[in-house]
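Engineer: CSV, C-alpha atoms and all ligand atoms, file work.csv:
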chain,number,residue,atom,x,y,z
A,1,MET,CA,32.0,-3.8,3.8
A,2,SER,CA,29.7,-2.0,6.3
A,3,ASP,CA,27.5,-4.4,8.3
A,4,THR,CA,24.5,-2.3,7.2
A,5,VAL,CA,25.1,-3.3,3.6
A,6,ARG,CA,24.4,-6.7,2.2
A,7,VAL,CA,25.4,-7.7,-1.4
A,8,VAL,CA,24.3,-10.9,-3.2
A,9,ARG,CA,25.6,-11.8,-6.6
A,10,ASP,CA,23.2,-13.4,-9.2
A,11,ALA,CA,20.4,-13.1,-6.7
A,12,SER,CA,17.1,-15.0,-7.0
A,13,LEU,CA,14.1,-12.6,-6.7
A,14,ALA,CA,11.4,-15.4,-6.6
A,15,THR,CA,10.7,-14.9,-2.9
A,16,ARG,CA,11.0,-11.1,-3.3
A,17,ASN,CA,7.9,-10.6,-5.5
A,18,THR,CA,4.4,-11.5,-4.3
A,19,PHE,CA,3.5,-13.1,-7.6
A,20,GLY,CA,6.2,-15.6,-6.7
A,21,VAL,CA,7.6,-15.8,-10.3
A,22,ALA,CA,11.2,-16.7,-11.0
A,23,ALA,CA,13.5,-13.8,-11.8
A,24,ARG,CA,17.1,-12.9,-11.1
A,25,ALA,CA,19.3,-9.9,-10.6
A,26,PRO,CA,23.0,-9.7,-11.4
A,27,TRP,CA,23.4,-7.9,-8.0
A,28,LEU,CA,21.1,-7.4,-5.1
A,29,VAL,CA,22.3,-4.7,-2.7
A,30,GLU,CA,20.4,-4.1,0.6
A,31,ALA,CA,21.2,-1.1,2.8
A,32,ASP,CA,19.9,-0.1,6.2
A,33,ASP,CA,21.2,3.5,6.1
A,34,SER,CA,20.0,5.7,3.3
A,35,ALA,CA,22.4,8.4,4.4
A,36,ALA,CA,25.2,6.2,3.0
A,37,LEU,CA,23.6,6.3,-0.5
A,38,PRO,CA,26.1,8.6,-2.2
A,39,GLU,CA,29.0,6.4,-1.0
A,40,LEU,CA,27.0,3.2,-1.7
A,41,LEU,CA,26.3,4.2,-5.3
A,42,GLN,CA,30.1,4.3,-5.9
A,43,ARG,CA,30.4,0.6,-5.2
A,44,PRO,CA,31.4,-1.4,-8.2
A,45,GLU,CA,28.1,-3.3,-8.2
A,46,LEU,CA,26.1,-0.1,-8.4
A,47,ARG,CA,28.4,2.1,-10.6
A,48,ASP,CA,26.4,1.4,-13.7
A,49,GLY,CA,23.3,2.6,-11.9
A,50,VAL,CA,20.4,1.0,-10.1
A,51,ALA,CA,18.1,-0.9,-12.5
A,52,LEU,CA,15.3,-1.3,-9.9
A,53,VAL,CA,14.6,-0.1,-6.4
A,54,LEU,CA,12.8,-3.0,-4.7
A,55,GLY,CA,10.4,-2.8,-1.8
A,56,GLY,CA,8.2,-5.7,-0.9
A,57,GLY,CA,7.8,-6.7,-4.6
A,58,SER,CA,3.9,-6.5,-4.3
A,59,ASN,CA,3.4,-4.2,-7.2
A,60,LEU,CA,5.8,-5.7,-9.7
A,61,LEU,CA,5.5,-8.3,-12.5
A,62,PHE,CA,8.9,-9.8,-13.5
A,63,ALA,CA,8.4,-10.7,-17.1
A,64,GLY,CA,12.1,-11.0,-17.3
A,65,ASP,CA,15.2,-10.6,-15.1
A,66,ALA,CA,16.3,-7.3,-13.7
A,67,GLU,CA,18.7,-5.8,-16.2
A,68,GLY,CA,21.1,-4.4,-13.6
A,69,ALA,CA,21.6,-4.1,-9.9
A,70,VAL,CA,18.6,-4.1,-7.6
A,71,LEU,CA,18.7,-1.9,-4.5
A,72,ALA,CA,16.5,-2.5,-1.4
A,73,LEU,CA,16.5,0.0,1.4
A,74,THR,CA,15.9,-1.7,4.7
A,75,GLY,CA,16.0,1.0,7.3
A,76,GLN,CA,13.4,0.6,10.0
A,77,ARG,CA,13.3,4.0,11.8
A,78,ILE,CA,10.0,5.7,12.7
A,79,GLU,CA,10.2,9.1,14.4
A,80,MET,CA,7.7,11.6,15.7
A,81,GLY,CA,8.3,15.2,14.8
A,82,ASP,CA,6.7,18.4,16.1
A,83,ASP,CA,3.1,19.0,15.3
A,84,HIS,CA,2.3,21.1,12.2
A,85,ASP,CA,-1.0,22.9,11.8
A,86,GLY,CA,-2.5,20.7,14.5
A,87,LEU,CA,-1.4,17.5,12.7
A,88,ALA,CA,1.2,15.0,14.1
A,89,ILE,CA,4.2,14.7,11.9
A,90,VAL,CA,5.6,11.2,11.7
A,91,ARG,CA,8.7,10.2,9.6
A,92,ALA,CA,9.3,6.6,8.6
A,93,ASP,CA,12.2,5.1,6.7
A,94,ALA,CA,11.4,3.7,3.2
A,95,GLY,CA,12.1,0.1,4.4
A,96,VAL,CA,9.4,0.1,7.1
A,97,PRO,CA,6.7,-2.5,6.3
A,98,TRP,CA,3.5,-0.5,5.4
A,99,HIS,CA,0.9,-2.4,7.5
A,100,GLY,CA,3.1,-2.5,10.6
A,101,PHE,CA,3.5,1.3,10.2
A,102,VAL,CA,-0.3,1.8,10.0
A,103,LEU,CA,-0.7,-0.3,13.2
A,104,TRP,CA,2.1,1.7,14.9
A,105,THR,CA,0.4,5.0,14.1
A,106,LEU,CA,-3.0,3.7,15.4
A,107,ALA,CA,-1.3,2.6,18.6
A,108,GLN,CA,0.0,6.1,19.1
A,109,GLY,CA,-3.5,7.4,18.9
A,110,LEU,CA,-3.0,8.9,15.4
A,111,ALA,CA,-5.7,8.6,12.8
A,112,GLY,CA,-5.8,8.8,9.0
A,113,LEU,CA,-4.2,5.6,7.8
A,114,GLU,CA,-6.8,3.1,9.1
A,115,ASN,CA,-8.5,2.6,5.7
A,116,LEU,CA,-5.1,1.7,4.2
A,117,SER,CA,-4.6,-1.2,6.6
A,118,LEU,CA,-3.2,-4.5,5.3
A,119,ILE,CA,-1.9,-3.2,2.0
A,120,PRO,CA,1.4,-5.1,1.4
A,121,GLY,CA,4.7,-3.5,0.8
A,122,THR,CA,6.8,-0.8,2.2
A,123,VAL,CA,6.5,2.9,3.3
A,124,GLY,CA,8.9,3.9,0.5
A,125,ALA,CA,6.7,2.5,-2.2
A,126,ALA,CA,3.5,4.1,-0.8
A,127,PRO,CA,3.9,7.4,-2.7
A,128,ILE,CA,5.0,5.7,-5.9
A,129,GLN,CA,1.5,4.8,-7.0
A,130,ASN,CA,-0.3,6.9,-4.3
A,131,ILE,CA,-1.7,3.8,-2.7
A,132,GLY,CA,-5.4,3.9,-2.0
A,133,ALA,CA,-8.2,1.8,-0.5
A,134,TYR,CA,-11.7,2.2,0.9
A,135,GLY,CA,-12.0,5.8,-0.2
A,136,VAL,CA,-8.7,7.1,1.1
A,137,GLU,CA,-5.5,7.8,-0.8
A,138,VAL,CA,-2.1,8.2,0.9
A,139,ARG,CA,-1.5,11.6,-0.8
A,140,ASP,CA,-4.0,13.1,1.7
A,141,LEU,CA,-1.8,12.1,4.6
A,142,ILE,CA,1.6,12.7,3.1
A,143,HIS,CA,3.5,15.8,4.3
A,144,ALA,CA,6.7,15.3,2.4
A,145,VAL,CA,8.7,12.6,0.5
A,146,GLU,CA,12.4,12.4,1.0
A,147,ALA,CA,14.1,11.3,-2.2
A,148,TYR,CA,17.7,10.9,-3.3
A,149,GLU,CA,18.4,11.8,-6.9
A,150,PRO,CA,21.5,9.8,-8.1
A,151,ALA,CA,22.0,11.9,-11.2
A,152,THR,CA,22.6,15.1,-9.2
A,153,GLY,CA,23.6,13.6,-5.8
A,154,LEU,CA,20.9,15.7,-4.2
A,155,LEU,CA,18.6,14.6,-1.4
A,156,HIS,CA,15.2,16.3,-2.0
A,157,ARG,CA,12.4,16.9,0.5
A,158,LEU,CA,9.4,17.1,-1.8
A,159,GLY,CA,6.1,18.5,-0.5
A,160,ALA,CA,3.0,16.5,-1.4
A,161,GLY,CA,2.2,19.2,-4.0
A,162,ALA,CA,5.4,18.5,-5.9
A,163,CYS,CA,4.7,14.8,-6.3
A,164,ALA,CA,1.9,15.1,-8.9
A,165,PHE,CA,-0.2,12.6,-7.1
A,166,ALA,CA,-3.3,11.2,-9.0
A,167,TYR,CA,-5.3,8.0,-8.9
A,168,ARG,CA,-2.7,5.2,-8.5
A,169,ASP,CA,-0.2,7.6,-9.9
A,170,SER,CA,2.6,10.1,-9.1
A,171,MET,CA,5.5,11.7,-10.9
A,172,PHE,CA,7.7,8.9,-9.4
A,173,LYS,CA,5.8,6.3,-11.4
A,174,HIS,CA,6.6,8.2,-14.6
A,175,ALA,CA,10.3,8.5,-13.9
A,176,PRO,CA,11.1,5.3,-12.1
A,177,ASP,CA,14.9,5.7,-12.4
A,178,ARG,CA,15.1,9.3,-11.2
A,179,TYR,CA,14.5,9.1,-7.5
A,180,ILE,CA,15.2,6.7,-4.6
A,181,VAL,CA,12.6,7.4,-1.9
A,182,THR,CA,14.5,7.3,1.4
A,183,ALA,CA,11.7,8.2,3.9
A,184,VAL,CA,8.2,9.6,3.9
A,185,GLU,CA,6.8,12.2,6.3
A,186,PHE,CA,3.1,11.9,7.2
A,187,ALA,CA,0.8,14.5,8.7
A,188,LEU,CA,-1.8,12.6,10.8
A,189,PRO,CA,-4.8,14.0,12.7
A,190,ARG,CA,-5.1,13.3,16.4
A,191,THR,CA,-8.9,13.8,16.1
A,192,PRO,CA,-10.2,11.2,13.6
A,193,ALA,CA,-12.4,12.1,10.6
A,194,LEU,CA,-13.4,8.6,9.6
A,195,ARG,CA,-14.3,7.6,6.1
A,196,LEU,CA,-16.8,4.8,6.3
A,197,ASP,CA,-18.9,5.2,3.2
A,198,TYR,CA,-17.0,2.9,0.9
A,199,ALA,CA,-17.2,-0.7,-0.3
A,200,GLY,CA,-19.1,-2.2,2.6
A,201,LEU,CA,-17.0,-0.7,5.4
A,202,GLY,CA,-20.0,0.8,7.2
A,203,ASP,CA,-21.9,-2.5,6.9
A,204,GLU,CA,-18.9,-4.5,8.2
A,205,LEU,CA,-18.7,-2.3,11.3
A,206,LEU,CA,-22.4,-2.7,11.9
A,207,ALA,CA,-22.1,-6.5,11.6
A,208,MET,CA,-19.3,-6.2,14.2
A,209,GLY,CA,-21.8,-4.5,16.4
A,210,ILE,CA,-20.0,-1.1,16.3
A,211,ALA,CA,-22.0,2.0,15.8
A,212,ALA,CA,-19.4,4.7,16.8
A,213,PRO,CA,-16.0,3.2,15.7
A,214,THR,CA,-12.5,4.2,16.7
A,215,PRO,CA,-9.8,4.3,14.0
A,216,THR,CA,-8.5,1.0,15.3
A,217,GLN,CA,-11.9,-0.6,14.9
A,218,VAL,CA,-12.1,0.8,11.3
A,219,SER,CA,-8.7,-0.8,10.7
A,220,ASP,CA,-10.0,-4.1,12.1
A,221,ALA,CA,-13.0,-4.0,9.8
A,222,VAL,CA,-10.8,-3.2,6.7
A,223,ILE,CA,-8.5,-6.1,7.7
A,224,ALA,CA,-11.5,-8.5,8.0
A,225,ILE,CA,-12.9,-7.4,4.6
A,226,ARG,CA,-9.6,-7.7,2.8
A,227,ARG,CA,-8.8,-11.1,4.3
A,228,ARG,CA,-12.2,-12.3,3.0
A,229,LYS,CA,-11.9,-10.8,-0.4
A,230,LEU,CA,-8.3,-10.8,-1.5
A,231,PRO,CA,-6.1,-13.9,-1.9
A,232,ASP,CA,-3.1,-14.0,0.5
A,233,PRO,CA,0.0,-13.8,-1.6
A,234,ALA,CA,1.7,-16.2,0.8
A,235,VAL,CA,-0.8,-18.8,-0.3
A,236,LEU,CA,-1.6,-17.8,-3.9
A,237,GLY,CA,0.8,-15.5,-5.7
A,238,ASN,CA,-0.7,-12.2,-6.8
A,239,ALA,CA,-0.1,-8.4,-6.9
A,240,GLY,CA,-3.5,-7.2,-5.8
A,241,SER,CA,-5.5,-5.4,-8.5
A,242,PHE,CA,-3.7,-6.0,-11.8
A,243,PHE,CA,-5.6,-3.2,-13.7
A,244,LYS,CA,-6.4,0.4,-12.8
A,245,ASN,CA,-10.0,1.4,-13.0
A,246,PRO,CA,-10.1,3.2,-16.5
A,247,ILE,CA,-11.0,6.9,-16.6
A,248,VAL,CA,-12.9,7.7,-19.8
A,249,PRO,CA,-14.7,10.8,-21.2
A,250,ALA,CA,-18.1,11.3,-19.5
A,251,ALA,CA,-19.9,10.9,-22.8
A,252,GLN,CA,-18.3,7.5,-23.5
A,253,ALA,CA,-19.2,6.4,-19.9
A,254,GLU,CA,-22.8,7.5,-20.4
A,255,ALA,CA,-23.1,5.7,-23.7
A,256,LEU,CA,-21.7,2.5,-22.2
A,257,HIS,CA,-24.1,2.9,-19.2
A,258,ALA,CA,-27.0,3.2,-21.5
A,259,LEU,CA,-26.1,-0.3,-23.0
A,260,HIS,CA,-25.0,-1.9,-19.7
A,261,ALA,CA,-27.0,-0.5,-16.8
A,262,ALA,CA,-25.1,-2.6,-14.2
A,263,LEU,CA,-21.7,-1.1,-15.1
A,264,PRO,CA,-20.5,0.7,-12.0
A,265,MET,CA,-19.1,4.2,-12.7
A,266,PHE,CA,-17.9,7.0,-10.4
A,267,ARG,CA,-16.9,10.6,-10.6
A,268,ALA,CA,-13.2,10.9,-11.3
A,269,GLY,CA,-12.4,14.4,-10.1
A,270,ASP,CA,-13.7,16.8,-12.8
A,271,ASP,CA,-17.1,16.6,-14.5
A,272,SER,CA,-15.7,15.7,-17.9
A,273,THR,CA,-14.6,12.2,-17.0
A,274,ARG,CA,-15.8,9.1,-15.2
A,275,LYS,CA,-14.0,6.2,-13.6
A,276,LEU,CA,-15.3,2.7,-14.6
A,277,SER,CA,-15.0,-0.5,-12.7
A,278,ALA,CA,-12.3,-2.6,-14.4
A,279,ALA,CA,-13.4,-5.6,-12.4
A,280,TRP,CA,-17.0,-5.4,-13.9
A,281,LEU,CA,-15.6,-5.1,-17.4
A,282,ILE,CA,-13.3,-8.1,-17.0
A,283,ASP,CA,-16.0,-10.2,-15.3
A,284,ALA,CA,-18.4,-9.3,-18.2
A,285,CYS,CA,-15.9,-10.7,-20.6
A,286,GLY,CA,-16.0,-14.0,-18.7
A,287,TRP,CA,-12.5,-14.0,-17.2
A,288,LYS,CA,-13.2,-14.6,-13.5
A,289,GLY,CA,-11.7,-17.9,-12.4
A,290,HIS,CA,-10.1,-18.4,-15.9
A,291,ARG,CA,-6.9,-20.4,-15.9
A,292,ASP,CA,-4.2,-21.0,-18.5
A,293,GLY,CA,-1.9,-23.5,-16.8
A,294,ASP,CA,-0.7,-21.9,-13.6
A,295,ALA,CA,-1.5,-18.3,-14.8
A,296,GLY,CA,-5.1,-17.4,-13.8
A,297,VAL,CA,-7.7,-14.9,-12.7
A,298,SER,CA,-8.9,-15.1,-9.1
A,299,ALA,CA,-12.2,-16.9,-8.8
A,300,THR,CA,-13.4,-14.3,-6.3
A,301,HIS,CA,-12.0,-11.1,-7.7
A,302,ALA,CA,-11.8,-10.5,-11.5
A,303,LEU,CA,-9.1,-7.7,-11.1
A,304,VAL,CA,-6.6,-10.1,-9.4
A,305,LEU,CA,-4.3,-12.2,-11.6
A,306,VAL,CA,-2.9,-15.2,-9.7
A,307,ASN,CA,0.0,-17.6,-9.9
A,308,HIS,CA,-1.3,-21.1,-9.1
A,309,GLY,CA,2.2,-22.4,-8.7
A,310,GLN,CA,4.8,-22.3,-11.5
A,311,ALA,CA,3.5,-19.6,-13.8
A,312,THR,CA,6.2,-17.4,-15.4
A,313,GLY,CA,6.0,-13.7,-15.5
A,314,HIS,CA,5.6,-14.0,-19.3
A,315,GLN,CA,2.6,-16.2,-19.0
A,316,LEU,CA,0.9,-13.8,-16.6
A,317,LEU,CA,1.7,-10.9,-18.9
A,318,ASP,CA,0.3,-12.7,-21.8
A,319,LEU,CA,-2.9,-13.5,-19.9
A,320,ALA,CA,-3.2,-9.8,-18.8
A,321,ARG,CA,-2.8,-8.6,-22.5
A,322,ARG,CA,-5.5,-11.0,-23.6
A,323,ILE,CA,-7.8,-9.7,-20.9
A,324,ALA,CA,-7.1,-6.1,-21.9
A,325,ASP,CA,-7.6,-6.9,-25.6
A,326,SER,CA,-11.0,-8.5,-24.9
A,327,VAL,CA,-12.2,-5.5,-22.9
A,328,GLN,CA,-11.0,-3.2,-25.6
A,329,VAL,CA,-12.8,-5.1,-28.3
A,330,ARG,CA,-16.1,-5.5,-26.4
A,331,PHE,CA,-16.3,-2.1,-24.7
A,332,GLY,CA,-13.8,0.1,-26.5
A,333,VAL,CA,-12.1,0.8,-23.2
A,334,ALA,CA,-8.3,0.5,-22.7
A,335,LEU,CA,-7.1,-1.1,-19.5
A,336,GLU,CA,-3.7,-0.2,-18.0
A,337,PRO,CA,-1.8,-2.4,-15.6
A,338,GLU,CA,-1.3,-1.1,-12.0
A,339,PRO,CA,1.9,-3.0,-11.3
A,340,ARG,CA,5.2,-2.1,-12.9
A,341,VAL,CA,6.2,-4.7,-15.5
A,342,ILE,CA,9.9,-5.5,-15.6
A,343,GLY,CA,11.6,-7.0,-18.6
A,344,ALA,CA,8.9,-6.4,-21.2
A,345,ARG,CA,6.7,-3.6,-22.5
A,346,TRP,CA,3.1,-3.5,-21.7
A,401,LIG,C1,-2.8,-8.7,-1.9
A,401,LIG,C2,-2.5,-7.3,-2.4
A,401,LIG,C3,-3.3,-6.3,-2.2
A,401,LIG,C4,-3.0,-5.0,-2.6
A,401,LIG,N1,-3.9,-4.0,-2.3
A,401,LIG,C5,-3.6,-2.7,-2.7
A,401,LIG,C6,-4.5,-1.6,-2.4
A,401,LIG,O1,-5.6,-1.8,-1.8
A,401,LIG,N2,-4.2,-0.4,-2.8
A,401,LIG,C7,-3.0,-0.1,-3.5
A,401,LIG,O2,-2.8,1.1,-3.8
A,401,LIG,N3,-2.1,-1.1,-3.8
A,401,LIG,C8,-2.4,-2.4,-3.4
A,401,LIG,N4,-1.5,-3.4,-3.7
A,401,LIG,C9,-0.3,-3.1,-4.4
A,401,LIG,C10,1.0,-2.9,-3.5
A,401,LIG,O3,0.8,-3.5,-2.3
A,401,LIG,C11,1.3,-1.4,-3.3
A,401,LIG,O4,1.5,-0.7,-4.6
A,401,LIG,C12,2.6,-1.2,-2.5
A,401,LIG,O5,2.8,0.2,-2.2
A,401,LIG,C13,3.8,-1.7,-3.2
A,401,LIG,O6,4.9,-1.7,-2.2
A,401,LIG,P1,6.2,-2.6,-2.4
A,401,LIG,O7,7.1,-2.2,-1.3
A,401,LIG,O8,5.8,-4.0,-2.4
A,401,LIG,O9,6.7,-2.0,-3.8
A,401,LIG,P2,7.4,-2.9,-4.9
A,401,LIG,O10,6.5,-3.8,-5.6
A,401,LIG,O11,8.7,-3.4,-4.5
A,401,LIG,O12,7.7,-1.7,-6.0
A,401,LIG,C14,6.7,-1.1,-6.6
A,401,LIG,C15,7.2,0.2,-7.4
A,401,LIG,O13,7.7,1.1,-6.5
A,401,LIG,C16,9.1,1.3,-6.7
A,401,LIG,N5,9.8,1.5,-5.4
A,401,LIG,C17,9.6,0.7,-4.3
A,401,LIG,N6,10.3,1.3,-3.3
A,401,LIG,C18,10.9,2.4,-3.7
A,401,LIG,C19,11.7,3.4,-3.2
A,401,LIG,N7,12.2,3.3,-1.9
A,401,LIG,N8,12.2,4.4,-4.0
A,401,LIG,C20,11.8,4.5,-5.2
A,401,LIG,N9,11.0,3.6,-5.8
A,401,LIG,C21,10.5,2.6,-5.1
A,401,LIG,C22,9.6,0.1,-7.4
A,401,LIG,O14,10.8,0.4,-8.1
A,401,LIG,C23,8.4,-0.2,-8.3
A,401,LIG,O15,8.4,0.7,-9.4
A,401,LIG,C24,-1.8,-4.7,-3.3
A,401,LIG,C25,-0.9,-5.8,-3.5
A,401,LIG,C26,-1.2,-7.0,-3.1
A,401,LIG,C27,-0.3,-8.2,-3.3
Show this structure as structure tokens.
Structural biologist:
Amino acid sequence: MSDTVRVVRDASLATRNTFGVAARAPWLVEADDSAALPELLQRPELRDGVALVLGGGSNLLFAGDAEGAVLALTGQRIEMGDDHDGLAIVRADAGVPWHGFVLWTLAQGLAGLENLSLIPGTVGAAPIQNIGAYGVEVRDLIHAVEAYEPATGLLHRLGAGACAFAYRDSMFKHAPDRYIVTAVEFALPRTPALRLDYAGLGDELLAMGIAAPTPTQVSDAVIAIRRRKLPDPAVLGNAGSFFKNPIVPAAQAEALHALHAALPMFRAGDDSTRKLSAAWLIDACGWKGHRDGDAGVSATHALVLVNHGQATGHQLLDLARRIADSVQVRFGVALEPEPRVIGARW
């Protein structure tokens, strides 16, 4: 066996998902070198296919065990390419930890990713749900996604336009078994165009005494806000926001707003729809701080489901369904989970 491949039979995944729930996989295969994927997928453990490509497990809810082999790509290469249209091209392996990558780009004097600081997980997972925070989505900085397609044996280099990126969404999310993302290329400006107008970021910088911030100072401010607001998965199991902000027809949003003036709503691209605050809807239904045994809702953030210790994935899923049902009954709005649910249907 190559020393860049590690195989574990009947593997526990409890420490490999940020909810910290118990789950197992018949095989866990870790590989540093994605170039070896064609050969790797011929191994007996992977011959029936890959049931799940696992990154940092920070956007997954295991409501059951993995139904087949789990593959984790662990390559750590980061490479600078030639500039393209005045933007620096940086290519990172799928296995590179996301936050470390953001800090690396900032240390190179490259801007663009500062608002996405401290999001858990890996570079390879970033395009899957088009990660976003503080008014920035990663699609705006992605140049291309390199993805291996096991069914054809082809390694694709997909331009951002081919990925169907949308709010917390991409074509990868709709076809989770089709591609294995092996690396992502980013196009990053050397001259920053900072986005400070979102969720208290400008105020945080002012409180830090910074009037004309650098990208690194923006990153510091984002880190400070996130540390205050979001539970640390190492202390309290969670997967960040459990629900997406629902996008509804503008007329429905206006009607709801007429009844509930405090309900935050935002433009969602075109004029015919509005994005509503899922946190507000959940909070209004009284769920913040709710606890069913060890499955709970964060006391500080209504969107975040938490594992107080021994909750199972099923208990967390059951709580999530009851939250969504109550929002549907009270406001007529369907909530959709943001993490991928393994072993059960939403
Ligand atoms: C405290 C906390 C805060 C968070 N804040 C944010 C936030 O602000 N914004 C945001 O967008 N998200 C946020 N998240 C969610 C999560 O961090 C991101 O979605 C992250 O990109 C998931 O990365 P991961 O490596 O952990 O992916 P995993 O959870 O391991 O996987 C998620 C999905 O991606 C797929 N996948 C992973 N790697 C690959 C690959 N190489 N090829 C193909 N498919 C792959 C998996 O199969 C799965 O479907 C937060 C999570 C936590 C716990």
Engineer: As a ChimeraX atom specification, please: every protein or nucleic acid residue near ligand LIG 401 (chain A) (cut-off 8 Å, counting all atoms listed in the file).
Structural biologist: /A:17-19,52-60,72-73,94-95,97-98,116,118-134,137,147,168,172-173,176-177,179-183,230-233,237-241,338-340
Engineer: List the neighbours of Val7 of chain A out to 12 Å using all atoms listed in the file; skip same-chain residues closer than 4 positions along the sequence, and give me the result as a list in words.
Structural biologist: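 Non-adjacent residues within range: Met1, Ser2, Asp3, Ala11, Ala25, Pro26, Trp27, Leu28, Val29, Glu30, Ala31, Leu40, Arg43, Pro44, Glu45, Leu46, Ala69, Val70, Leu71 and Ala72 of chain A.
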Engineer: Which of these residues is nearest to Asp318 of chain A, using only C-alpha atoms: A:Ala14, A:Gly86, A:Ala295, A:Glu336?
Structural biologist: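 Checking each candidate against Asp318 of chain A, we get A:Ala295 as the closest.
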Engineer: Residues at most 9 Å from Gln217 of chain A, counting only C-alpha atoms, excluding those fewer than 6 positions away in the same chain, as a list in words?
Structural biologist: Glu114, Leu205 and Ile210 of chain A
Engineer: Would you list the contacts of Ala311 of chain A as a VMD selection string, taking every protein, DNA or RNA residue within 8 Å and counting all atoms listed in the file, but skipping same-chain residues closer than 3 positions in sequence?
Structural biologist: chain A and resid 21 293 to 295 307 to 308 315 to 316
Engineer: Which one of A:Val341, A:Ala299, A:Val136, A:Cys285 sits closest to Gln328 of chain A if you count only C-alpha atoms?
Structural biologist: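 For Gln328 of chain A, the nearest of the given residues is A:Cys285.
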Engineer: I'd like to know which of A:Arg274, A:Arg24, A:His84, A:His143 is closest to Gly68 of chain A, using only C-alpha atoms.
Structural biologist: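 Comparing A:Arg274, A:Arg24, A:His84, A:His143 against Gly68 of chain A, the winner is A:Arg24.
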Engineer: Just checking: using only C-alpha atoms, which residue out of A:Ala334, A:Leu106, A:Ala324, A:Ala160 ends up closest to Ile282 of chain A?
Structural biologist: A:Ala324
Engineer: When you draw a straight line from atom CA of Ser298 of chain A to atom CA of Gly286 of chain A, how long is it in Å?
Structural biologist: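 About the pair atom CA of Ser298 of chain A and atom CA of Gly286 of chain A: they are 12.0 Å apart.
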Engineer: Distance atom CA of Ala255 of chain A-atom CA of Ser272 of chain A, one decimal place?
Structural biologist: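 Spanning atom CA of Ala255 of chain A to atom CA of Ser272 of chain A is a straight-line distance of 13.7 Å.
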